[in-house]
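Peer 1: Contents of model-v6.txt (compact mmCIF, C-alpha atoms) are given next:
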# COMPACT_ATOMS: atom_id res chain seq x y z
CA MET Z 1 177.37 310.41 117.46
CA ARG Z 2 177.76 307.03 115.75
CA CYS Z 3 178.26 308.83 112.44
CA ARG Z 4 181.06 310.92 113.90
CA ARG Z 5 182.69 307.85 115.36
CA SER Z 6 182.44 306.06 112.02
CA VAL Z 7 184.06 309.00 110.21
CA ALA Z 8 186.87 309.06 112.79
CA VAL Z 9 187.44 305.34 112.41
CA VAL Z 10 187.49 305.59 108.63
CA GLY Z 11 189.96 308.48 108.86
CA LEU Z 12 192.20 306.49 111.16
CA VAL Z 13 192.10 303.49 108.84
CA LEU Z 14 192.90 305.62 105.79
CA SER Z 15 195.77 307.30 107.63
CA THR Z 16 197.16 303.91 108.64
CA ILE Z 17 196.90 302.63 105.07
CA LEU Z 18 198.67 305.70 103.70
CA CYS Z 19 201.49 305.42 106.25
CA TRP Z 20 201.83 301.70 105.51
CA SER Z 21 201.88 302.35 101.76
CA SER Z 22 204.53 305.04 102.20
CA ALA Z 23 206.69 302.71 104.28
CA VAL Z 24 206.38 299.95 101.68
CA LEU Z 25 207.29 302.39 98.91
CA ALA Z 26 210.38 303.52 100.83
CA ALA Z 27 211.45 299.95 101.49
CA ASP Z 28 211.19 299.01 97.79
CA TRP Z 29 212.78 302.23 96.45
CA PRO Z 30 214.67 302.56 94.12
CA HIS Z 31 213.18 300.48 91.31
CA ARG Z 32 215.52 301.82 88.62
CA THR Z 33 218.37 304.23 87.94
CA VAL Z 34 218.59 307.21 90.29
CA ARG Z 35 219.57 310.55 88.79
CA LEU Z 36 221.62 312.80 91.06
CA ILE Z 37 221.63 316.40 89.84
CA THR Z 38 224.36 318.70 91.11
CA PRO Z 39 224.45 322.41 90.25
CA MET Z 40 228.23 322.38 90.61
CA PRO Z 41 230.64 321.91 87.69
CA ALA Z 42 232.63 318.75 87.08
CA GLY Z 43 235.85 318.74 89.05
CA SER Z 44 234.50 320.87 91.90
CA ALA Z 45 234.62 319.76 95.54
CA ALA Z 46 230.89 319.02 95.58
CA ASP Z 47 231.18 317.07 92.34
CA PHE Z 48 233.87 314.85 93.90
CA SER Z 49 231.76 313.98 96.93
CA ALA Z 50 228.64 313.56 94.76
CA ARG Z 51 230.39 310.84 92.75
CA LEU Z 52 231.81 309.25 95.89
CA PHE Z 53 228.38 308.94 97.50
CA ALA Z 54 226.74 307.95 94.21
CA GLU Z 55 229.10 304.98 93.91
CA ARG Z 56 228.43 303.80 97.45
CA LEU Z 57 224.66 304.32 97.20
CA SER Z 58 224.60 302.35 93.97
CA GLN Z 59 226.19 299.46 95.82
CA ARG Z 60 223.68 299.70 98.70
CA TRP Z 61 220.63 300.09 96.48
CA GLY Z 62 221.53 297.68 93.70
CA GLN Z 63 220.68 300.35 91.12
CA ALA Z 64 222.83 302.75 89.13
CA VAL Z 65 223.16 306.26 90.59
CA ILE Z 66 224.19 308.70 87.86
CA VAL Z 67 225.60 312.16 88.60
CA GLU Z 68 224.39 314.88 86.25
CA ASN Z 69 226.19 318.23 86.38
CA ARG Z 70 223.88 321.19 85.73
CA PRO Z 71 225.96 324.26 86.68
CA GLY Z 72 225.10 327.88 86.04
CA ALA Z 73 223.09 330.83 87.36
CA ASP Z 74 224.35 330.35 90.95
CA GLY Z 75 222.65 326.97 91.18
CA VAL Z 76 219.28 328.02 89.78
CA ILE Z 77 219.67 325.78 86.72
CA GLY Z 78 220.37 322.68 88.79
CA VAL Z 79 217.55 323.27 91.27
CA SER Z 80 215.11 324.01 88.42
CA ALA Z 81 216.14 320.74 86.75
CA LEU Z 82 215.19 318.82 89.89
CA LEU Z 83 211.89 320.63 90.42
CA GLY Z 84 210.99 320.29 86.75
CA SER Z 85 211.47 316.53 86.73
CA ASP Z 86 208.36 314.39 86.99
CA ASP Z 87 210.32 311.58 88.58
CA ASP Z 88 210.64 310.26 92.13
CA HIS Z 89 214.07 308.82 91.24
CA THR Z 90 215.72 312.23 90.83
CA LEU Z 91 217.55 313.90 93.73
CA LEU Z 92 219.61 317.07 94.18
CA TYR Z 93 223.14 317.08 95.56
CA ALA Z 94 224.20 320.62 96.38
CA ILE Z 95 225.96 323.02 98.71
CA SER Z 96 223.78 324.65 101.34
CA ALA Z 97 223.87 327.93 99.38
CA VAL Z 98 221.04 326.78 97.09
CA PHE Z 99 218.82 326.72 100.18
CA THR Z 100 220.23 329.62 102.17
CA VAL Z 101 221.94 332.08 99.82
CA LEU Z 102 219.79 332.10 96.68
CA PRO Z 103 216.78 333.79 98.35
CA ILE Z 104 219.11 336.60 99.47
CA THR Z 105 221.13 337.08 96.28
CA HIS Z 106 218.16 336.88 93.89
CA GLU Z 107 215.14 339.12 94.24
CA LYS Z 108 213.12 336.80 92.02
CA LEU Z 109 213.52 333.04 91.72
CA PRO Z 110 211.48 330.54 89.72
CA PHE Z 111 211.05 328.57 92.96
CA ASP Z 112 211.07 328.95 96.73
CA PRO Z 113 213.92 326.85 98.18
CA VAL Z 114 212.34 326.61 101.63
CA ARG Z 115 208.97 325.60 100.21
CA ASP Z 116 210.06 323.46 97.28
CA LEU Z 117 213.18 321.66 98.56
CA VAL Z 118 213.24 318.96 101.21
CA PRO Z 119 216.55 318.62 103.10
CA ILE Z 120 217.37 314.91 103.25
CA SER Z 121 220.83 314.54 104.73
CA PRO Z 122 224.17 316.33 104.94
CA THR Z 123 227.21 314.47 103.67
CA SER Z 124 230.27 316.64 104.20
CA ASP Z 125 231.71 320.06 104.86
CA VAL Z 126 233.82 321.49 102.08
CA VAL Z 127 236.65 322.93 104.15
CA LEU Z 128 237.10 326.58 103.21
CA ALA Z 129 240.45 328.34 103.39
CA ILE Z 130 241.74 331.89 103.18
CA ALA Z 131 244.83 332.29 101.02
CA ALA Z 132 247.02 335.14 99.80
CA THR Z 133 249.16 335.44 96.71
CA GLU Z 134 252.88 334.95 97.27
CA LYS Z 135 253.38 338.19 95.32
CA LYS Z 136 252.41 340.03 98.52
CA SER Z 137 254.20 339.68 101.85
CA ILE Z 138 251.06 338.60 103.70
CA ARG Z 139 251.80 335.65 105.99
CA SER Z 140 248.83 335.52 108.38
CA LEU Z 141 245.31 336.84 108.94
CA ASP Z 142 246.73 339.43 111.31
CA GLY Z 143 249.21 340.38 108.60
CA LEU Z 144 246.35 340.75 106.13
CA VAL Z 145 244.49 343.08 108.49
CA GLN Z 146 247.59 345.17 109.14
CA THR Z 147 248.41 345.41 105.41
CA ALA Z 148 244.82 346.36 104.53
CA ARG Z 149 244.81 349.07 107.18
CA ALA Z 150 248.13 350.45 106.00
CA GLN Z 151 247.05 350.38 102.35
CA PRO Z 152 243.32 351.22 102.21
CA GLY Z 153 241.82 350.48 98.81
CA LYS Z 154 245.01 348.87 97.50
CA LEU Z 155 244.13 345.19 98.07
CA ASN Z 156 241.47 343.09 96.40
CA TRP Z 157 239.91 339.72 97.05
CA ALA Z 158 237.73 337.05 95.46
CA SER Z 159 235.85 334.03 96.73
CA SER Z 160 233.63 331.12 95.92
CA PRO Z 161 229.87 331.83 95.92
CA GLY Z 162 227.76 331.06 98.96
CA LEU Z 163 228.84 331.99 102.47
CA PRO Z 164 232.28 333.58 101.83
CA PRO Z 165 231.12 336.85 100.21
CA PHE Z 166 228.86 337.48 103.20
CA VAL Z 167 231.09 336.23 106.04
CA VAL Z 168 234.35 337.71 104.77
CA GLY Z 169 232.67 340.79 103.36
CA GLY Z 170 230.94 341.36 106.70
CA PHE Z 171 234.26 340.96 108.52
CA PHE Z 172 235.97 343.52 106.29
CA LYS Z 173 233.15 346.02 106.76
CA ASN Z 174 232.92 345.56 110.52
CA SER Z 175 236.72 345.91 110.74
CA LYS Z 176 236.59 349.04 108.53
CA LEU Z 177 238.93 347.46 105.98
CA ASP Z 178 238.77 348.67 102.39
CA LEU Z 179 239.36 345.76 99.98
CA ALA Z 180 237.77 345.59 96.53
CA PHE Z 181 235.80 342.46 95.72
CA VAL Z 182 236.45 340.93 92.29
CA SER Z 183 233.71 338.73 90.88
CA TYR Z 184 234.51 335.72 88.67
CA ARG Z 185 232.16 333.55 86.67
CA ASP Z 186 234.67 330.69 86.43
CA LEU Z 187 237.18 329.25 88.85
CA ALA Z 188 240.19 328.81 86.53
CA PRO Z 189 240.80 332.53 85.83
CA ALA Z 190 240.52 333.32 89.55
CA LEU Z 191 243.15 330.73 90.44
CA GLN Z 192 245.44 331.97 87.70
CA ASP Z 193 245.07 335.56 88.88
CA LEU Z 194 245.81 334.51 92.45
CA GLY Z 195 249.02 332.79 91.36
CA GLU Z 196 250.11 335.76 89.25
CA GLY Z 197 249.31 338.34 91.90
CA ARG Z 198 246.36 340.04 90.23
CA ILE Z 199 244.21 338.77 93.12
CA ASP Z 200 245.63 339.41 96.58
CA VAL Z 201 243.31 337.28 98.73
CA PHE Z 202 241.22 334.28 97.76
CA VAL Z 203 238.63 332.42 99.83
CA HIS Z 204 237.60 329.05 98.46
CA ALA Z 205 237.59 325.30 99.06
CA LEU Z 206 240.90 324.11 100.50
CA GLY Z 207 241.20 321.34 97.90
CA VAL Z 208 240.82 323.89 95.11
CA ILE Z 209 243.48 326.24 96.49
CA MET Z 210 246.07 323.57 97.39
CA PRO Z 211 247.62 323.20 93.89
CA GLN Z 212 248.53 326.90 93.91
CA VAL Z 213 249.93 326.54 97.44
CA GLN Z 214 251.96 323.45 96.52
CA SER Z 215 253.38 325.23 93.48
CA GLY Z 216 254.58 328.08 95.71
CA ARG Z 217 252.29 330.67 94.12
CA ALA Z 218 249.93 331.13 97.07
CA ARG Z 219 250.07 330.87 100.85
CA LEU Z 220 247.37 329.60 103.20
CA LEU Z 221 246.54 332.09 105.94
CA ALA Z 222 243.91 330.12 107.83
CA ILE Z 223 241.36 327.32 107.70
CA ALA Z 224 237.79 328.61 108.16
CA SER Z 225 236.69 325.68 110.36
CA ASP Z 226 236.68 324.70 114.02
CA VAL Z 227 239.50 322.19 113.60
CA ARG Z 228 242.64 322.00 111.49
CA ALA Z 229 242.47 320.23 108.14
CA PRO Z 230 244.45 316.98 107.60
CA LEU Z 231 245.31 318.28 104.13
CA ALA Z 232 247.11 321.28 105.69
CA PRO Z 233 247.81 320.33 109.33
CA ASP Z 234 250.24 323.20 109.98
CA VAL Z 235 247.77 325.93 109.02
CA PRO Z 236 245.86 327.45 111.96
CA THR Z 237 242.10 327.75 112.05
CA VAL Z 238 240.50 331.19 112.04
CA ILE Z 239 239.69 330.62 115.71
CA GLU Z 240 243.32 329.88 116.56
CA ALA Z 241 244.35 332.94 114.55
CA GLY Z 242 242.06 335.11 116.68
CA PHE Z 243 239.30 335.73 114.12
CA PRO Z 244 236.38 333.41 115.08
CA GLU Z 245 233.93 335.56 113.14
CA LEU Z 246 235.47 334.16 109.95
CA ARG Z 247 234.40 330.58 110.74
CA MET Z 248 232.26 329.09 107.98
CA ASP Z 249 231.41 325.63 106.67
CA GLY Z 250 230.55 324.74 103.10
CA VAL Z 251 227.95 322.09 103.93
CA VAL Z 252 226.96 319.73 101.12
CA GLY Z 253 224.05 317.32 101.11
CA PHE Z 254 221.06 315.65 99.49
CA PHE Z 255 217.75 317.38 98.78
CA GLY Z 256 214.44 316.11 97.45
CA LYS Z 257 211.33 317.77 96.04
CA ARG Z 258 208.37 319.01 98.04
CA GLY Z 259 205.94 316.17 98.60
CA MET Z 260 208.61 313.52 99.13
CA PRO Z 261 207.18 310.99 101.61
CA ASP Z 262 208.76 311.19 105.05
CA ALA Z 263 209.46 307.47 105.03
CA LEU Z 264 211.42 307.74 101.77
CA ARG Z 265 213.33 310.79 102.97
CA ASP Z 266 214.29 309.01 106.18
CA ARG Z 267 215.28 305.85 104.30
CA ILE Z 268 217.63 307.78 102.01
CA ALA Z 269 218.98 309.80 104.95
CA SER Z 270 219.75 306.61 106.86
CA ASP Z 271 221.72 305.16 103.94
CA VAL Z 272 223.61 308.43 103.36
CA ARG Z 273 224.41 308.72 107.07
CA ALA Z 274 225.82 305.19 107.12
CA ILE Z 275 228.11 305.98 104.18
CA ALA Z 276 229.26 309.30 105.69
CA SER Z 277 230.15 307.45 108.90
CA ASP Z 278 232.38 304.96 107.10
CA SER Z 279 236.07 305.41 107.91
CA GLY Z 280 237.10 304.82 104.29
CA ILE Z 281 234.80 307.59 103.09
CA ARG Z 282 236.09 309.93 105.78
CA GLU Z 283 239.67 309.34 104.63
CA LYS Z 284 238.83 309.97 100.97
CA LEU Z 285 237.03 313.19 101.82
CA ALA Z 286 239.84 314.41 104.08
CA ALA Z 287 242.36 313.79 101.30
CA VAL Z 288 240.65 316.41 99.13
CA GLY Z 289 239.95 318.95 101.86
CA GLN Z 290 236.51 317.87 103.01
CA ALA Z 291 235.16 316.63 106.34
CA ALA Z 292 232.44 314.00 106.58
CA ARG Z 293 229.25 315.19 108.28
CA PRO Z 294 226.80 312.37 108.99
CA GLY Z 295 223.39 313.67 110.03
CA THR Z 296 219.65 313.18 110.05
CA ALA Z 297 217.10 315.07 107.98
CA ALA Z 298 216.05 317.05 111.07
CA GLU Z 299 219.65 317.99 111.86
CA PHE Z 300 220.23 319.09 108.28
CA ALA Z 301 217.09 321.24 108.27
CA ALA Z 302 218.06 322.85 111.61
CA LEU Z 303 221.55 323.62 110.31
CA LEU Z 304 220.16 325.24 107.18
CA ASP Z 305 217.78 327.36 109.26
CA GLU Z 306 220.72 328.51 111.39
CA TYR Z 307 222.66 329.46 108.25
CA ARG Z 308 219.70 331.39 106.85
CA ARG Z 309 219.44 333.47 110.02
CA ARG Z 310 223.17 334.20 110.02
CA LEU Z 311 223.12 335.16 106.34
CA ALA Z 312 220.15 337.47 106.81
CA TYR Z 313 222.11 339.33 109.49
CA LEU Z 314 225.29 339.49 107.37
CA ALA Z 315 223.36 340.71 104.33
CA LYS Z 316 222.14 343.67 106.39
CA THR Z 317 225.66 344.26 107.70
CA ILE Z 318 227.13 344.66 104.22
CA ASP Z 319 223.99 346.34 102.85
CA PHE Z 320 223.63 343.65 100.20
CA ARG Z 321 221.29 344.27 97.27
CA ALA Z 322 219.76 341.28 95.51
CA THR Z 323 219.90 340.98 91.72
CA GLN Z 324 216.72 341.06 89.68
Can you present the structure in this file as structure tokens?

Peer 2:
Amino acid sequence: MRCRRSVAVVGLVLSTILCWSSAVLAADWPHRTVRLITPMPAGSAADFSARLFAERLSQRWGQAVIVENRPGADGVIGVSALLGSDDDHTLLYAISAVFTVLPITHEKLPFDPVRDLVPISPTSDVVLAIAATEKKSIRSLDGLVQTARAQPGKLNWASSPGLPPFVVGGFFKNSKLDLAFVSYRDLAPALQDLGEGRIDVFVHALGVIMPQVQSGRARLLAIASDVRAPLAPDVPTVIEAGFPELRMDGVVGFFGKRGMPDALRDRIASDVRAIASDSGIREKLAAVGQAARPGTAAEFAALLDEYRRRLAYLAKTIDFRATQ
């Protein structure tokens, strides 16, 4: 009996020491430059917010925070760069798709996002918008539906990766609308084709679409969020337009590697949440079509789980087949 008690006491002491050591490590972190990998290209919406948060975190931490763009392969390259680093000063800054969409779109991955990535904190929602080329007389979502019904197989559409292909594709299928999906590897050609009328409908980040709208080459049909966007206050939301099933958020946030101490994750999450709650940051994000989303690690993980369940349902709806 005494032996068992001694073992229990020793275990309790060791556990206390480990928790104390983890807390001390979190309090002293970072000791040097922090590398922030993003699988999005320079100039993208996520890249903008990554650099905004990197600047503020550098000020809070007293260490440089460097953004490293590693785009390609739907985010696989960026995630692999994080998981392949033997460094506790490397983090991932990415859209939720790397956690929720990749397991659906790829039959085989060199990692398991749910197992290998630790959600730390959300930072913002990239406001998504649905736009139509001005070459077509489509002025609203209802107008799009009516035109597609009147001209089956005559319209096409494109979108950013992540949620849009599933949400919008699922909507078209459930509504029995026949629109051809056009896949693009790069953003620039898609925007050019939208402006010149080779693409009829485009679903992407509001900030990305706005230059085409401001030039008179595209028209916004709806904002795919719960509330209107300050960048386009006169454009209705999909809910206001009568199509709530098209609501979607492009959530962006910080991730760490499996094995990250809870104390360190919570320390980083607390700092990120404080920055996302700052009014100045909110204004800068709104100016480029994003909405700040302060949140805890637990809230971020719950949101990602919700997205994964929704995507699994939508993938079945559109009979999606993963790539090898």

Peer 1: Hey, which of Z:Leu246, Z:Glu134, Z:Ile37, Z:Ala158 ends up closest to Pro189 (chain Z)? Count only C-alpha atoms.

Peer 2: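 Residue with the minimum atom-to-atom distance to Pro189 (chain Z): Z:Ala158.
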
Peer 1: So that I can see what lies close to Gln63 (chain Z), please list as an NGL selection string the residues with an atom at most 9 Å from it, counting all atoms listed in the file and leaving out residues fewer than 3 positions away in the same chain.

Peer 2: :Z and (30-34 or 57-60)

Peer 1: Figure out the distance between CA of Asp226 (chain Z) and CA of Pro71 (chain Z), please, to one decimal in Å.

Peer 2: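 Taking CA of Pro71 (chain Z) as the start and CA of Asp226 (chain Z) as the end point, the length is 29.4 Å.
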
Peer 1: Go through Z:Ser159, Z:Thr317, Z:Ser279, Z:Ser80 one by one, measure the shortest atom-to-atom distance of each to Pro294 (chain Z) using all atoms listed in the file, and give the residue with the smallest value.

Peer 2: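 Distance minimum relative to Pro294 (chain Z) lands on Z:Ser279.
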
Peer 1: Any idea what's packed within 12 Å of Leu303 (chain Z), counting all atoms listed in the file, ignoring anything in its chain fewer than 5 positions away? Could you give it as an MDAnalysis selection string?

Peer 2: chainID Z and resid 96:97 99:100 119:122 249:253 293 295:298 308:310

Peer 1: Which is closer to Arg198 (chain Z) than all the others in Z:Val288, Z:Leu220, Z:Val168, Z:Ala132, using only C-alpha atoms?

Peer 2: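 Smallest separation from Arg198 (chain Z) among the options: Z:Ala132.
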
Peer 1: Compare Z:Ser140, Z:Gln151, Z:Ser270, Z:Gln290 by their minimum atom-to-atom distance to Asp47 (chain Z), counting only C-alpha atoms, and give me the closest one.

Peer 2: Z:Gln290

Peer 1: Which of these residues is nearest to Val238 (chain Z), using only C-alpha atoms: Z:Val203, Z:Ala301, Z:Ala150, Z:Ile130?

Peer 2: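 Closest residue, counting only C-alpha atoms: Z:Ile130.
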
Peer 1: If I take CA of Ala81 (chain Z) and CA of Phe254 (chain Z), how far is one from the other in Å, to one decimal?

Peer 2: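 Taking CA of Ala81 (chain Z) as the start and CA of Phe254 (chain Z) as the end point, the length is 14.6 Å.
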
Peer 1: Which residues, written as a PDB file with C-alpha atoms, in the frame of the given file, have at least one atom at most 9 Å from Ala241 (chain Z), with only C-alpha atoms counted and residues fewer than 3 positions away on the same chain left out?

Peer 2:
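Saved as selection36.pdb:
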ATOM      1  CA  SER Z 140     248.830 335.520 108.380  1.00  0.00           C
ATOM      2  CA  LEU Z 141     245.310 336.840 108.940  1.00  0.00           C
ATOM      3  CA  ASP Z 142     246.730 339.430 111.310  1.00  0.00           C
ATOM      4  CA  LEU Z 221     246.540 332.090 105.940  1.00  0.00           C
ATOM      5  CA  ALA Z 222     243.910 330.120 107.830  1.00  0.00           C
ATOM      6  CA  PRO Z 236     245.860 327.450 111.960  1.00  0.00           C
ATOM      7  CA  THR Z 237     242.100 327.750 112.050  1.00  0.00           C
ATOM      8  CA  VAL Z 238     240.500 331.190 112.040  1.00  0.00           C
ATOM      9  CA  PRO Z 244     236.380 333.410 115.080  1.00  0.00           C
TER      10      PRO Z 244
END

Peer 1: Let me have the centre and edge lengths in Å, one decimal, of the box along x, y and z around every listed atom of region 135-142 of chain Z with 3 Å of margin on each side, as AutoDock Vina command-line options.

Peer 2:
--center_x 249.8 --center_y 337.8 --center_z 103.3 --size_x 14.9 --size_y 10.5 --size_z 22.0

Peer 1: Go through region 119-159 of chain Z and flag each residue having an atom no more than 7 Å from region 178-187 of chain Z; for those, report the closest pair of atoms plus their distance in Å to one decimal, using only C-alpha atoms, ordered by chain and rising number, as CSV.

Peer 2:
residue,atom,partner,partner_atom,distance
Z:Ala148,CA,Z:Asp178,CA,6.8
Z:Pro152,CA,Z:Asp178,CA,5.2
Z:Gly153,CA,Z:Asp178,CA,5.0
Z:Lys154,CA,Z:Leu179,CA,6.9
Z:Leu155,CA,Z:Leu179,CA,5.2
Z:Asn156,CA,Z:Ala180,CA,4.5
Z:Trp157,CA,Z:Phe181,CA,5.1
Z:Ala158,CA,Z:Val182,CA,5.2

Peer 1: Using only C-alpha atoms, please write the residues we just selected to a file, as a PDB file, in the frame of the given file.

Peer 2:
ATOM      1  CA  ALA Z 148     244.820 346.360 104.530  1.00  0.00           C
ATOM      2  CA  PRO Z 152     243.320 351.220 102.210  1.00  0.00           C
ATOM      3  CA  GLY Z 153     241.820 350.480  98.810  1.00  0.00           C
ATOM      4  CA  LYS Z 154     245.010 348.870  97.500  1.00  0.00           C
ATOM      5  CA  LEU Z 155     244.130 345.190  98.070  1.00  0.00           C
ATOM      6  CA  ASN Z 156     241.470 343.090  96.400  1.00  0.00           C
ATOM      7  CA  TRP Z 157     239.910 339.720  97.050  1.00  0.00           C
ATOM      8  CA  ALA Z 158     237.730 337.050  95.460  1.00  0.00           C
TER       9      ALA Z 158
END

Peer 1: CA of Val127 (chain Z) and CA of Val167 (chain Z), how far apart in Å?

Peer 2: 14.5 Å

Peer 1: Using only C-alpha atoms, which residue out of Z:Ala205, Z:Met260, Z:Ala274, Z:Met248 lies closest to Leu91 (chain Z)?

Peer 2: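 When distances to Leu91 (chain Z) are compared using only C-alpha atoms, the smallest one comes from Z:Met260.
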
Peer 1: How would region 154-166 of chain Z read, as an mmCIF file, in the frame of the given file, once N, CA, C and O atoms are built in?

Peer 2:
data_model
loop_
_atom_site.group_PDB
_atom_site.id
_atom_site.type_symbol
_atom_site.label_atom_id
_atom_site.label_comp_id
_atom_site.auth_asym_id
_atom_site.auth_seq_id
_atom_site.Cartn_x
_atom_site.Cartn_y
_atom_site.Cartn_z
ATOM 1 N N LYS Z 154 243.957 349.399 98.376
ATOM 2 C CA LYS Z 154 245.010 348.870 97.500
ATOM 3 C C LYS Z 154 244.919 347.363 97.289
ATOM 4 O O LYS Z 154 245.475 346.836 96.317
ATOM 5 N N LEU Z 155 244.241 346.645 98.182
ATOM 6 C CA LEU Z 155 244.130 345.190 98.070
ATOM 7 C C LEU Z 155 242.781 344.801 97.495
ATOM 8 O O LEU Z 155 241.791 345.528 97.622
ATOM 9 N N ASN Z 156 242.743 343.626 96.874
ATOM 10 C CA ASN Z 156 241.470 343.090 96.400
ATOM 11 C C ASN Z 156 241.331 341.640 96.825
ATOM 12 O O ASN Z 156 242.287 341.028 97.317
ATOM 13 N N TRP Z 157 240.145 341.095 96.652
ATOM 14 C CA TRP Z 157 239.910 339.720 97.050
ATOM 15 C C TRP Z 157 238.792 339.106 96.216
ATOM 16 O O TRP Z 157 237.996 339.814 95.596
ATOM 17 N N ALA Z 158 238.758 337.794 96.187
ATOM 18 C CA ALA Z 158 237.730 337.050 95.460
ATOM 19 C C ALA Z 158 237.366 335.826 96.297
ATOM 20 O O ALA Z 158 238.090 335.455 97.234
ATOM 21 N N SER Z 159 236.272 335.206 95.958
ATOM 22 C CA SER Z 159 235.850 334.030 96.730
ATOM 23 C C SER Z 159 234.912 333.160 95.924
ATOM 24 O O SER Z 159 234.413 333.555 94.866
ATOM 25 N N SER Z 160 234.664 331.990 96.465
ATOM 26 C CA SER Z 160 233.630 331.120 95.920
ATOM 27 C C SER Z 160 232.271 331.730 96.264
ATOM 28 O O SER Z 160 232.168 332.573 97.161
ATOM 29 N N PRO Z 161 231.205 331.331 95.561
ATOM 30 C CA PRO Z 161 229.870 331.830 95.920
ATOM 31 C C PRO Z 161 229.409 331.187 97.219
ATOM 32 O O PRO Z 161 230.061 330.294 97.751
ATOM 33 N N GLY Z 162 228.290 331.642 97.728
ATOM 34 C CA GLY Z 162 227.760 331.060 98.960
ATOM 35 C C GLY Z 162 228.069 331.905 100.164
ATOM 36 O O GLY Z 162 227.928 333.140 100.156
ATOM 37 N N LEU Z 163 228.553 331.285 101.225
ATOM 38 C CA LEU Z 163 228.840 331.990 102.470
ATOM 39 C C LEU Z 163 229.982 333.006 102.396
ATOM 40 O O LEU Z 163 229.874 334.094 102.971
ATOM 41 N N PRO Z 164 231.121 332.686 101.752
ATOM 42 C CA PRO Z 164 232.280 333.580 101.830
ATOM 43 C C PRO Z 164 232.036 335.052 101.532
ATOM 44 O O PRO Z 164 232.514 335.906 102.284
ATOM 45 N N PRO Z 165 231.315 335.408 100.461
ATOM 46 C CA PRO Z 165 231.120 336.850 100.210
ATOM 47 C C PRO Z 165 230.441 337.568 101.377
ATOM 48 O O PRO Z 165 230.717 338.750 101.623
ATOM 49 N N PHE Z 166 229.571 336.860 102.088
ATOM 50 C CA PHE Z 166 228.860 337.480 103.200
ATOM 51 C C PHE Z 166 229.707 337.491 104.474
ATOM 52 O O PHE Z 166 229.818 338.514 105.153
#
